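Structure data (CSV, C-alpha atoms) from entry-v8.csv:
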chain,number,residue,atom,x,y,z
N,219,MET,CA,56.2,-49.7,-42.1
N,220,SER,CA,54.9,-53.3,-42.4
N,221,ALA,CA,51.2,-53.9,-42.1
N,222,PRO,CA,49.9,-55.2,-38.7
N,223,GLU,CA,49.5,-58.9,-38.4
N,224,HIS,CA,46.1,-60.3,-37.7
N,225,PRO,CA,45.5,-63.7,-36.0
N,226,GLN,CA,44.2,-66.4,-38.3
N,227,SER,CA,40.6,-67.4,-37.7
N,228,SER,CA,38.1,-69.7,-39.2
N,229,THR,CA,35.4,-67.1,-38.6
N,230,PRO,CA,35.0,-64.6,-41.4
N,231,PRO,CA,35.5,-61.0,-40.4
N,232,VAL,CA,32.4,-60.0,-42.4
N,233,ARG,CA,28.9,-61.4,-42.7
N,234,LEU,CA,28.7,-64.2,-45.3
N,235,ARG,CA,26.2,-66.9,-46.2
N,236,PRO,CA,26.7,-69.6,-43.5
N,237,GLU,CA,26.1,-72.4,-46.0
N,238,ILE,CA,29.0,-71.1,-48.2
N,239,VAL,CA,31.3,-70.7,-45.2
N,240,ALA,CA,30.6,-74.3,-44.3
N,241,LEU,CA,31.0,-75.6,-47.9
N,242,PRO,CA,34.2,-77.5,-48.6
N,243,ALA,CA,36.0,-76.2,-51.6
N,244,TYR,CA,36.2,-78.3,-54.8
N,245,LYS,CA,39.2,-80.6,-54.6
N,246,GLN,CA,41.1,-81.0,-57.8
N,247,GLY,CA,42.6,-84.4,-58.5
N,248,ARG,CA,46.0,-84.6,-56.8
N,249,GLN,CA,49.0,-83.5,-58.8
N,250,ALA,CA,51.9,-85.9,-59.5
N,251,ASP,CA,55.6,-85.3,-59.6
N,252,ALA,CA,57.9,-86.6,-62.4
N,253,THR,CA,58.2,-90.0,-60.7
N,254,ALA,CA,54.4,-90.7,-60.7
N,255,PHE,CA,51.5,-91.0,-63.0
N,256,LYS,CA,48.7,-88.5,-62.5
N,257,LEU,CA,45.6,-90.6,-63.0
N,258,SER,CA,43.3,-88.5,-60.8
N,259,SER,CA,41.7,-86.0,-63.2
N,260,ASN,CA,40.7,-88.0,-66.3
N,261,GLU,CA,42.9,-85.9,-68.6
N,262,ASN,CA,43.8,-86.8,-72.1
N,263,PRO,CA,47.4,-88.1,-72.1
N,264,PHE,CA,48.1,-87.5,-75.8
N,265,PRO,CA,50.3,-84.5,-76.9
N,266,VAL,CA,48.4,-81.4,-78.0
N,267,HIS,CA,47.7,-81.4,-81.8
N,268,PRO,CA,50.2,-79.1,-83.6
N,269,ALA,CA,47.3,-77.2,-85.3
N,270,ILE,CA,45.9,-76.3,-81.8
N,271,LEU,CA,49.3,-75.0,-80.7
N,272,ALA,CA,49.6,-73.0,-83.9
N,273,ALA,CA,46.1,-71.5,-83.4
N,274,ILE,CA,46.7,-70.4,-79.9
N,275,ALA,CA,50.1,-69.0,-80.7
N,276,ASP,CA,48.4,-66.2,-82.7
N,277,ALA,CA,46.1,-65.1,-79.9
N,278,THR,CA,46.0,-61.5,-78.9
N,279,PRO,CA,45.8,-61.5,-75.1
N,280,ASN,CA,45.7,-57.7,-74.9
N,281,ARG,CA,42.2,-57.7,-76.5
N,282,TYR,CA,39.0,-59.0,-75.0
N,283,PRO,CA,37.5,-62.2,-76.6
N,284,ASP,CA,34.2,-62.4,-78.4
N,285,ALA,CA,31.9,-62.5,-75.4
N,286,THR,CA,29.4,-64.7,-77.2
N,287,ALA,CA,31.9,-67.1,-78.7
N,288,LEU,CA,29.9,-66.8,-81.9
N,289,ALA,CA,32.3,-68.6,-84.2
N,290,VAL,CA,32.4,-71.6,-81.9
N,291,ARG,CA,28.6,-71.5,-81.5
N,292,GLU,CA,28.1,-71.4,-85.2
N,293,ARG,CA,30.3,-74.5,-85.7
N,294,LEU,CA,28.6,-76.4,-83.0
N,295,ALA,CA,25.1,-75.3,-84.2
N,296,GLU,CA,25.9,-76.7,-87.6
N,297,ARG,CA,27.0,-80.1,-86.4
N,298,HIS,CA,23.9,-80.4,-84.1
N,299,GLY,CA,21.4,-79.1,-86.6
N,300,VAL,CA,20.3,-76.2,-84.4
N,301,SER,CA,20.6,-72.4,-84.5
N,302,PRO,CA,23.6,-70.7,-82.8
N,303,ASP,CA,21.1,-69.2,-80.3
N,304,GLU,CA,20.4,-72.7,-79.0
N,305,VAL,CA,24.1,-73.2,-78.1
N,306,ILE,CA,26.0,-71.7,-75.2
N,307,VAL,CA,29.8,-71.9,-74.7
N,308,GLY,CA,31.3,-71.6,-71.3
N,309,ALA,CA,34.6,-71.9,-69.4
N,310,GLY,CA,34.3,-75.7,-69.1
N,311,SER,CA,31.0,-77.5,-68.9
N,312,VAL,CA,31.0,-77.2,-65.1
N,313,SER,CA,30.6,-73.4,-65.5
N,314,ILE,CA,27.5,-73.9,-67.7
N,315,LEU,CA,26.1,-76.3,-65.2
N,316,LEU,CA,26.4,-73.6,-62.5
N,317,GLN,CA,24.7,-71.2,-64.8
N,318,LEU,CA,21.8,-73.6,-65.5
N,319,ILE,CA,21.3,-74.3,-61.7
N,320,GLN,CA,21.4,-70.6,-61.0
N,321,ALA,CA,18.9,-69.9,-63.8
N,322,ALA,CA,16.5,-72.6,-62.4
N,323,CYS,CA,17.0,-72.5,-58.7
N,324,GLY,CA,16.7,-70.2,-55.8
N,325,PRO,CA,16.4,-70.6,-52.0
N,326,GLY,CA,14.0,-73.3,-51.2
N,327,ASP,CA,14.2,-75.0,-54.6
N,328,GLU,CA,15.6,-78.5,-55.0
N,329,ALA,CA,18.1,-80.1,-57.4
N,330,ILE,CA,18.1,-83.8,-57.8
N,331,TYR,CA,21.1,-85.9,-58.9
N,332,ALA,CA,22.5,-89.4,-58.5
N,333,TRP,CA,25.1,-90.1,-55.8
N,334,ARG,CA,27.8,-90.8,-56.0
N,335,SER,CA,28.2,-88.8,-59.2
N,336,PHE,CA,30.2,-85.7,-60.2
N,337,GLU,CA,31.4,-84.1,-57.0
N,338,ALA,CA,30.6,-80.6,-58.2
N,339,TYR,CA,26.9,-81.2,-58.2
N,340,PRO,CA,26.3,-80.6,-54.4
N,341,LEU,CA,28.8,-77.7,-54.4
N,342,LEU,CA,27.1,-75.9,-57.3
N,343,THR,CA,23.6,-76.5,-55.8
N,344,THR,CA,24.6,-74.9,-52.5
N,345,ILE,CA,26.2,-72.0,-54.3
N,346,ALA,CA,22.9,-71.3,-56.0
N,347,GLY,CA,21.1,-71.3,-52.7
N,348,ALA,CA,19.1,-74.4,-53.5
N,349,THR,CA,18.7,-77.7,-51.6
N,350,ALA,CA,20.5,-80.8,-52.8
N,351,VAL,CA,18.6,-84.0,-53.2
N,352,PRO,CA,21.1,-86.8,-53.8
N,353,VAL,CA,19.6,-90.2,-54.9
N,354,PRO,CA,21.8,-93.3,-54.2
N,355,LEU,CA,23.1,-95.3,-57.1
N,356,THR,CA,21.9,-98.8,-57.5
N,357,ASP,CA,24.0,-101.7,-56.2
N,358,ASP,CA,25.7,-102.0,-59.6
N,359,PHE,CA,26.8,-98.4,-59.5
N,360,ARG,CA,24.2,-97.1,-62.0
N,361,HIS,CA,21.6,-94.2,-61.9
N,362,ASP,CA,18.4,-95.3,-60.2
N,363,LEU,CA,16.1,-93.3,-62.5
N,364,ALA,CA,12.9,-94.6,-60.9
N,365,ALA,CA,14.1,-93.4,-57.5
N,366,MET,CA,15.1,-90.1,-59.0
N,367,ALA,CA,11.7,-89.6,-60.6
N,368,ALA,CA,10.1,-90.5,-57.3
N,369,ALA,CA,12.1,-87.8,-55.5
N,370,ILE,CA,10.6,-85.1,-57.6
N,371,THR,CA,8.4,-82.6,-55.6
N,372,GLU,CA,6.8,-79.3,-56.4
N,373,ARG,CA,10.0,-77.7,-55.2
N,374,THR,CA,12.2,-79.5,-57.7
N,375,ARG,CA,13.6,-77.2,-60.4
N,376,ILE,CA,16.5,-79.1,-62.0
N,377,LEU,CA,17.5,-82.8,-62.4
N,378,LEU,CA,21.0,-83.9,-63.4
N,379,VAL,CA,21.8,-87.1,-65.2
N,380,CYS,CA,25.4,-88.0,-65.7
N,381,SER,CA,26.1,-90.6,-68.4
N,382,PRO,CA,28.7,-92.0,-68.4
N,383,ASN,CA,28.6,-91.4,-64.7
N,384,ASN,CA,31.6,-89.8,-63.0
N,385,PRO,CA,33.2,-91.6,-61.1
N,386,THR,CA,31.7,-95.1,-61.7
N,387,GLY,CA,31.7,-95.0,-65.5
N,388,THR,CA,28.3,-96.6,-65.9
N,389,VAL,CA,25.8,-95.4,-68.5
N,390,VAL,CA,22.1,-94.7,-68.7
N,391,THR,CA,20.6,-96.6,-71.6
N,392,ALA,CA,18.6,-94.8,-74.3
N,393,ASP,CA,15.5,-96.9,-73.4
N,394,GLU,CA,15.8,-96.0,-69.7
N,395,PHE,CA,16.2,-92.3,-70.5
N,396,ALA,CA,13.2,-92.3,-72.8
N,397,ALA,CA,11.1,-93.9,-70.2
N,398,PHE,CA,12.4,-91.5,-67.6
N,399,MET,CA,11.6,-88.4,-69.7
N,400,ARG,CA,8.0,-89.7,-70.3
N,401,ILE,CA,7.3,-89.4,-66.5
N,402,VAL,CA,9.3,-86.3,-65.7
N,403,PRO,CA,7.1,-83.1,-65.7
N,404,PRO,CA,7.7,-81.2,-68.9
N,405,THR,CA,8.3,-78.0,-66.9
N,406,LEU,CA,11.2,-79.5,-65.0
N,407,LEU,CA,14.7,-78.8,-66.4
N,408,VAL,CA,16.7,-82.0,-67.1
N,409,VAL,CA,20.4,-81.8,-67.8
N,410,LEU,CA,22.1,-84.7,-69.5
N,411,ASP,CA,25.8,-84.3,-68.5
N,412,GLU,CA,27.9,-86.1,-71.2
N,413,ALA,CA,31.4,-85.1,-70.4
N,414,TYR,CA,32.7,-88.5,-71.5
N,415,ALA,CA,30.4,-89.1,-74.4
N,416,GLU,CA,33.2,-89.6,-76.9
N,417,PHE,CA,34.5,-92.6,-75.0
N,418,VAL,CA,31.2,-94.5,-75.1
N,419,ARG,CA,31.1,-97.7,-77.2
N,420,ASP,CA,28.0,-99.3,-75.8
N,421,PRO,CA,25.3,-99.1,-78.5
N,422,ALA,CA,22.5,-99.2,-75.9
N,423,ALA,CA,23.8,-96.0,-74.1
N,424,VAL,CA,21.8,-92.8,-74.3
N,425,ASN,CA,23.2,-90.4,-76.9
N,426,GLY,CA,22.4,-86.7,-76.5
N,427,ASP,CA,23.0,-86.1,-80.2
N,428,GLU,CA,19.9,-88.1,-80.9
N,429,LEU,CA,17.8,-86.2,-78.4
N,430,ILE,CA,18.4,-82.6,-79.4
N,431,GLY,CA,15.1,-81.0,-80.2
N,432,ARG,CA,13.0,-83.8,-78.9
N,433,TYR,CA,12.4,-82.5,-75.4
N,434,PRO,CA,12.1,-78.7,-74.8
N,435,ASN,CA,13.0,-79.2,-71.1
N,436,LEU,CA,16.3,-81.1,-71.9
N,437,VAL,CA,19.8,-79.5,-72.1
N,438,ILE,CA,22.7,-81.6,-73.4
N,439,LEU,CA,26.0,-80.7,-71.8
N,440,ARG,CA,29.4,-81.5,-73.3
N,441,THR,CA,33.1,-80.6,-72.8
N,442,PHE,CA,36.3,-80.1,-74.7
N,443,SER,CA,38.4,-81.0,-71.7
N,444,LYS,CA,38.5,-84.8,-72.1
N,445,ALA,CA,38.4,-86.2,-75.6
N,446,TYR,CA,39.7,-83.1,-77.2
N,447,GLY,CA,42.6,-82.6,-74.7
N,448,LEU,CA,41.8,-78.9,-73.8
N,449,ALA,CA,41.4,-79.3,-70.1
N,450,GLY,CA,43.8,-76.5,-69.3
N,451,LEU,CA,42.0,-74.0,-71.5
N,452,ARG,CA,38.5,-74.5,-70.1
N,453,ALA,CA,35.8,-74.8,-72.8
N,454,GLY,CA,32.5,-76.6,-72.8
N,455,TYR,CA,29.1,-76.2,-74.3
N,456,ALA,CA,25.4,-76.9,-74.0
N,457,VAL,CA,22.6,-77.3,-76.5
N,458,GLY,CA,19.0,-76.7,-75.6
N,459,ASP,CA,15.8,-74.7,-76.1
N,460,ARG,CA,16.6,-71.1,-76.8
N,461,ALA,CA,14.7,-69.7,-73.9
N,462,VAL,CA,16.6,-72.0,-71.5
N,463,ILE,CA,19.9,-71.2,-73.1
N,464,ASP,CA,19.2,-67.5,-72.9
N,465,ALA,CA,18.5,-67.8,-69.2
N,466,ALA,CA,21.8,-69.6,-68.7
N,467,ARG,CA,23.5,-66.9,-70.7
N,468,SER,CA,22.2,-64.3,-68.4
N,469,THR,CA,24.0,-65.8,-65.5
N,470,GLN,CA,27.3,-66.1,-67.3
N,471,ILE,CA,30.4,-64.2,-66.1
N,472,PRO,CA,31.1,-61.9,-69.1
N,473,LEU,CA,34.1,-62.6,-71.2
N,474,SER,CA,34.8,-65.9,-69.3
N,475,VAL,CA,35.6,-67.9,-72.4
N,476,THR,CA,39.0,-66.6,-73.5
N,477,GLU,CA,40.2,-66.0,-77.1
N,478,VAL,CA,42.8,-68.7,-76.6
N,479,ALA,CA,40.1,-71.2,-75.7
N,480,GLN,CA,37.9,-70.3,-78.6
N,481,ARG,CA,40.8,-70.6,-81.0
N,482,ALA,CA,41.8,-74.0,-79.6
N,483,VAL,CA,38.2,-75.3,-79.9
N,484,LEU,CA,37.9,-74.2,-83.6
N,485,ALA,CA,41.3,-75.9,-84.4
N,486,ALA,CA,40.2,-79.0,-82.5
N,487,LEU,CA,37.0,-79.2,-84.5
N,488,ASP,CA,39.0,-78.7,-87.7
N,489,HIS,CA,41.0,-81.8,-86.8
N,490,GLU,CA,38.3,-83.7,-84.9
N,491,ALA,CA,38.7,-86.9,-86.8
N,492,GLU,CA,42.3,-87.2,-85.9
N,493,LEU,CA,41.7,-86.4,-82.3
N,494,LEU,CA,38.8,-88.9,-81.9
N,495,THR,CA,40.8,-91.6,-83.6
N,496,GLN,CA,43.3,-91.5,-80.7
N,497,LEU,CA,40.5,-92.3,-78.4
N,498,ASP,CA,40.2,-95.8,-79.8
N,499,GLU,CA,43.6,-96.5,-78.2
N,500,LEU,CA,42.4,-95.3,-74.8
N,501,VAL,CA,39.1,-97.3,-75.1
N,502,THR,CA,41.0,-100.5,-75.9
N,503,ARG,CA,43.4,-99.8,-73.0
N,504,ARG,CA,40.4,-99.1,-70.7
N,505,ASP,CA,38.7,-102.4,-71.6
N,506,ARG,CA,41.9,-104.3,-71.1
N,507,VAL,CA,42.5,-102.8,-67.7
N,508,GLU,CA,38.9,-103.5,-66.7
N,509,GLN,CA,39.1,-107.1,-67.8
N,510,ALA,CA,42.4,-107.6,-66.0
N,511,LEU,CA,40.9,-106.1,-62.8
N,512,ARG,CA,38.0,-108.5,-62.9
N,513,GLU,CA,40.3,-111.5,-63.4
N,514,GLN,CA,42.2,-110.4,-60.3
N,515,GLY,CA,38.9,-110.5,-58.3
N,516,TRP,CA,37.7,-106.9,-58.4
N,517,THR,CA,34.1,-106.1,-58.8
N,518,VAL,CA,34.5,-103.4,-61.4
N,519,PRO,CA,31.4,-101.8,-63.1
N,520,PRO,CA,31.6,-101.6,-66.9
N,521,SER,CA,33.1,-98.2,-67.7
N,522,GLU,CA,32.3,-96.1,-70.7
N,523,GLY,CA,34.5,-93.2,-69.6
N,524,ASN,CA,38.3,-92.9,-69.7
N,525,PHE,CA,38.6,-94.3,-66.2
N,526,VAL,CA,37.8,-97.3,-64.0
N,527,TRP,CA,36.2,-97.4,-60.6
N,528,LEU,CA,37.5,-99.5,-57.7
N,529,PRO,CA,34.9,-99.9,-55.0
N,530,THR,CA,37.2,-99.9,-52.0
N,531,GLY,CA,34.7,-98.7,-49.4
N,532,GLU,CA,36.0,-97.9,-45.9
N,533,LYS,CA,39.5,-99.0,-47.0
N,534,THR,CA,39.7,-96.3,-49.7
N,535,ALA,CA,42.2,-94.1,-48.0
N,536,ALA,CA,44.6,-96.9,-47.2
N,537,VAL,CA,44.3,-98.4,-50.7
N,538,ALA,CA,44.9,-95.0,-52.3
N,539,GLU,CA,48.1,-94.6,-50.3
N,540,ARG,CA,49.3,-97.9,-51.5
N,541,PHE,CA,48.8,-96.8,-55.1
N,542,GLU,CA,50.5,-93.5,-54.4
N,543,ARG,CA,53.6,-95.2,-53.0
N,544,ALA,CA,53.9,-97.1,-56.3
N,545,GLY,CA,53.5,-93.9,-58.3
N,546,ILE,CA,49.8,-94.2,-59.2
N,547,ILE,CA,47.9,-91.0,-58.2
N,548,GLY,CA,44.2,-91.9,-58.3
N,549,ARG,CA,41.1,-89.9,-57.2
N,550,ALA,CA,40.0,-91.2,-53.8
N,551,PHE,CA,36.5,-90.7,-52.6
N,552,PRO,CA,36.7,-91.7,-48.9
N,553,GLY,CA,34.2,-94.4,-47.9
N,554,ASP,CA,33.3,-95.2,-51.5
N,555,GLY,CA,36.1,-96.0,-53.8
N,556,ILE,CA,38.9,-94.8,-56.1
N,557,ARG,CA,38.6,-93.6,-59.7
N,558,ILE,CA,41.7,-94.2,-61.8
N,559,SER,CA,42.1,-92.6,-65.2
N,560,VAL,CA,43.2,-94.7,-68.1
N,561,ALA,CA,46.1,-92.8,-69.5
N,562,GLU,CA,49.8,-93.5,-70.4
N,563,HIS,CA,50.3,-97.1,-71.4
N,564,GLU,CA,53.4,-97.2,-69.2
N,565,SER,CA,51.1,-96.8,-66.2
N,566,VAL,CA,49.1,-99.9,-66.8
N,567,PRO,CA,51.6,-102.6,-65.6
N,568,ILE,CA,52.1,-100.6,-62.3
N,569,LEU,CA,48.4,-100.1,-61.9
N,570,LEU,CA,47.6,-103.8,-62.4
N,571,ARG,CA,50.5,-105.0,-60.2
N,572,VAL,CA,49.3,-102.9,-57.2
N,573,ALA,CA,45.7,-103.7,-57.8
N,574,GLY,CA,46.5,-107.4,-57.7
N,575,GLU,CA,48.3,-107.0,-54.4
N,576,VAL,CA,45.5,-104.9,-52.9
N,577,VAL,CA,42.6,-107.1,-53.9
N,578,ARG,CA,44.0,-110.0,-51.9
N,579,ASP,CA,44.0,-107.9,-48.8
N,580,LEU,CA,40.5,-106.5,-49.1
Once more with this new file: its structure as structure tokens, please.
Amino acid sequence: MSAPEHPQSSTPPVRLRPEIVALPAYKQGRQADATAFKLSSNENPFPVHPAILAAIADATPNRYPDATALAVRERLAERHGVSPDEVIVGAGSVSILLQLIQAACGPGDEAIYAWRSFEAYPLLTTIAGATAVPVPLTDDFRHDLAAMAAAITERTRILLVCSPNNPTGTVVTADEFAAFMRIVPPTLLVVLDEAYAEFVRDPAAVNGDELIGRYPNLVILRTFSKAYGLAGLRAGYAVGDRAVIDAARSTQIPLSVTEVAQRAVLAALDHEAELLTQLDELVTRRDRVEQALREQGWTVPPSEGNFVWLPTGEKTAAVAERFERAGIIGRAFPGDGIRISVAEHESVPILLRVAGEVVRDL
């Protein structure tokens, strides 16, 4: 006997948090079929290193992984000159970000971040029960650190700085960040989200590696999804004061970093020089695309990520559709612009052709 059918309703059949019910789900970059280029998720386009494939082939999926990812933490601690207890590994850096927000924030507390920035920031803040305080970017698509500092209140518990900023690609300079940290209360948790750090070539940009141990209230956040090409395995990490990292560890879903992911990270670190050398090709391609867009008439902010930002404003949806018809799947942010990943070299001529056609109509 089949189960009775129930009418579909937007109202949950049980009592849930209203702010969660109203919260739009995180939208992944749109997938692409074989006839198009998926430039919507900032993925690494290079083939997976053979050593990584060999390492994950020997995984034992019938066994639980090391819950603390100790081998990975030891490797990362050695490279950053800290103890393993000052490192946390998570299922992507975004999961650690949620852990940090949950550790710092509760109902009535506030989280400050630039906007537009990583779209998960408001989602994670709401999940933690906190209040989001977005601070608009400057006219040149950069963090307004002075305005962010001015937004701090006695209710502020965490402040997020994304450099390079996703989706605009702009960086916070080392001097700007140092001045910012001098005025931020030492009891306020600051997270420097550096998901795209390996693509940075601007010598003036802030570098979390140089800040570790300098500020007890600062956590550096990194990922293996982009530069290391492990987006599908979900692995990221953070470095910070042990007490802060322990608090984040307490909010972690147990066993969330799989053995496959841990094996892949260790293999990637073993072959890091080869993997990072590939990035030079992407950076060169990024700079070439950026320059070509400017020559076409686009106002493109200088990107230090593996993507470029097209400020298409209210015409974003229509422009994104034109790119899609040509086989370029970008990441559209309605009302603001389109982020387009720099990936396969075959995508570049198509991207620039359509961009040249579009800019004349804006």
Exercise: region 341-344 of chain N partners within 10 Å, only C-alpha atoms, chain neighbours under 3 positions left out, as an mmCIF file with C-alpha atoms, keeping the file's coordinate frame:
data_model
loop_
_atom_site.group_PDB
_atom_site.id
_atom_site.type_symbol
_atom_site.label_atom_id
_atom_site.label_comp_id
_atom_site.auth_asym_id
_atom_site.auth_seq_id
_atom_site.Cartn_x
_atom_site.Cartn_y
_atom_site.Cartn_z
ATOM 1 C CA GLU N 237 26.100 -72.400 -46.000
ATOM 2 C CA ILE N 238 29.000 -71.100 -48.200
ATOM 3 C CA LEU N 241 31.000 -75.600 -47.900
ATOM 4 C CA PRO N 242 34.200 -77.500 -48.600
ATOM 5 C CA ALA N 243 36.000 -76.200 -51.600
ATOM 6 C CA TYR N 244 36.200 -78.300 -54.800
ATOM 7 C CA VAL N 312 31.000 -77.200 -65.100
ATOM 8 C CA SER N 313 30.600 -73.400 -65.500
ATOM 9 C CA LEU N 315 26.100 -76.300 -65.200
ATOM 10 C CA LEU N 316 26.400 -73.600 -62.500
ATOM 11 C CA GLN N 317 24.700 -71.200 -64.800
ATOM 12 C CA ILE N 319 21.300 -74.300 -61.700
ATOM 13 C CA GLN N 320 21.400 -70.600 -61.000
ATOM 14 C CA CYS N 323 17.000 -72.500 -58.700
ATOM 15 C CA GLY N 324 16.700 -70.200 -55.800
ATOM 16 C CA PRO N 325 16.400 -70.600 -52.000
ATOM 17 C CA ASP N 327 14.200 -75.000 -54.600
ATOM 18 C CA GLU N 328 15.600 -78.500 -55.000
ATOM 19 C CA ALA N 329 18.100 -80.100 -57.400
ATOM 20 C CA ILE N 330 18.100 -83.800 -57.800
ATOM 21 C CA PHE N 336 30.200 -85.700 -60.200
ATOM 22 C CA GLU N 337 31.400 -84.100 -57.000
ATOM 23 C CA ALA N 338 30.600 -80.600 -58.200
ATOM 24 C CA GLY N 347 21.100 -71.300 -52.700
ATOM 25 C CA ALA N 348 19.100 -74.400 -53.500
ATOM 26 C CA THR N 349 18.700 -77.700 -51.600
ATOM 27 C CA ALA N 350 20.500 -80.800 -52.800
ATOM 28 C CA VAL N 351 18.600 -84.000 -53.200
ATOM 29 C CA ILE N 376 16.500 -79.100 -62.000
#
Notebook entry, point to check: Suppose you want the space between CA of Ala538 (chain N) and CA of Pro340 (chain N); what is it in Å?
Noted result: 23.6 Å
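Shortest atom-to-atom contact with Asp411 (chain N) among N:Asn383, N:Thr286, N:Ser559, N:Thr517: N:Asn383, counting all atoms listed in the file.
Using only C-alpha atoms for every distance, the candidate list N:Val457, N:Leu528, N:Ala287, N:Val478 yields N:Val457 as the residue closest to Gly431 (chain N).
Computed from the coordinates, the CA of Arg503 (chain N) to CA of Trp527 (chain N) distance equals 14.5 Å.
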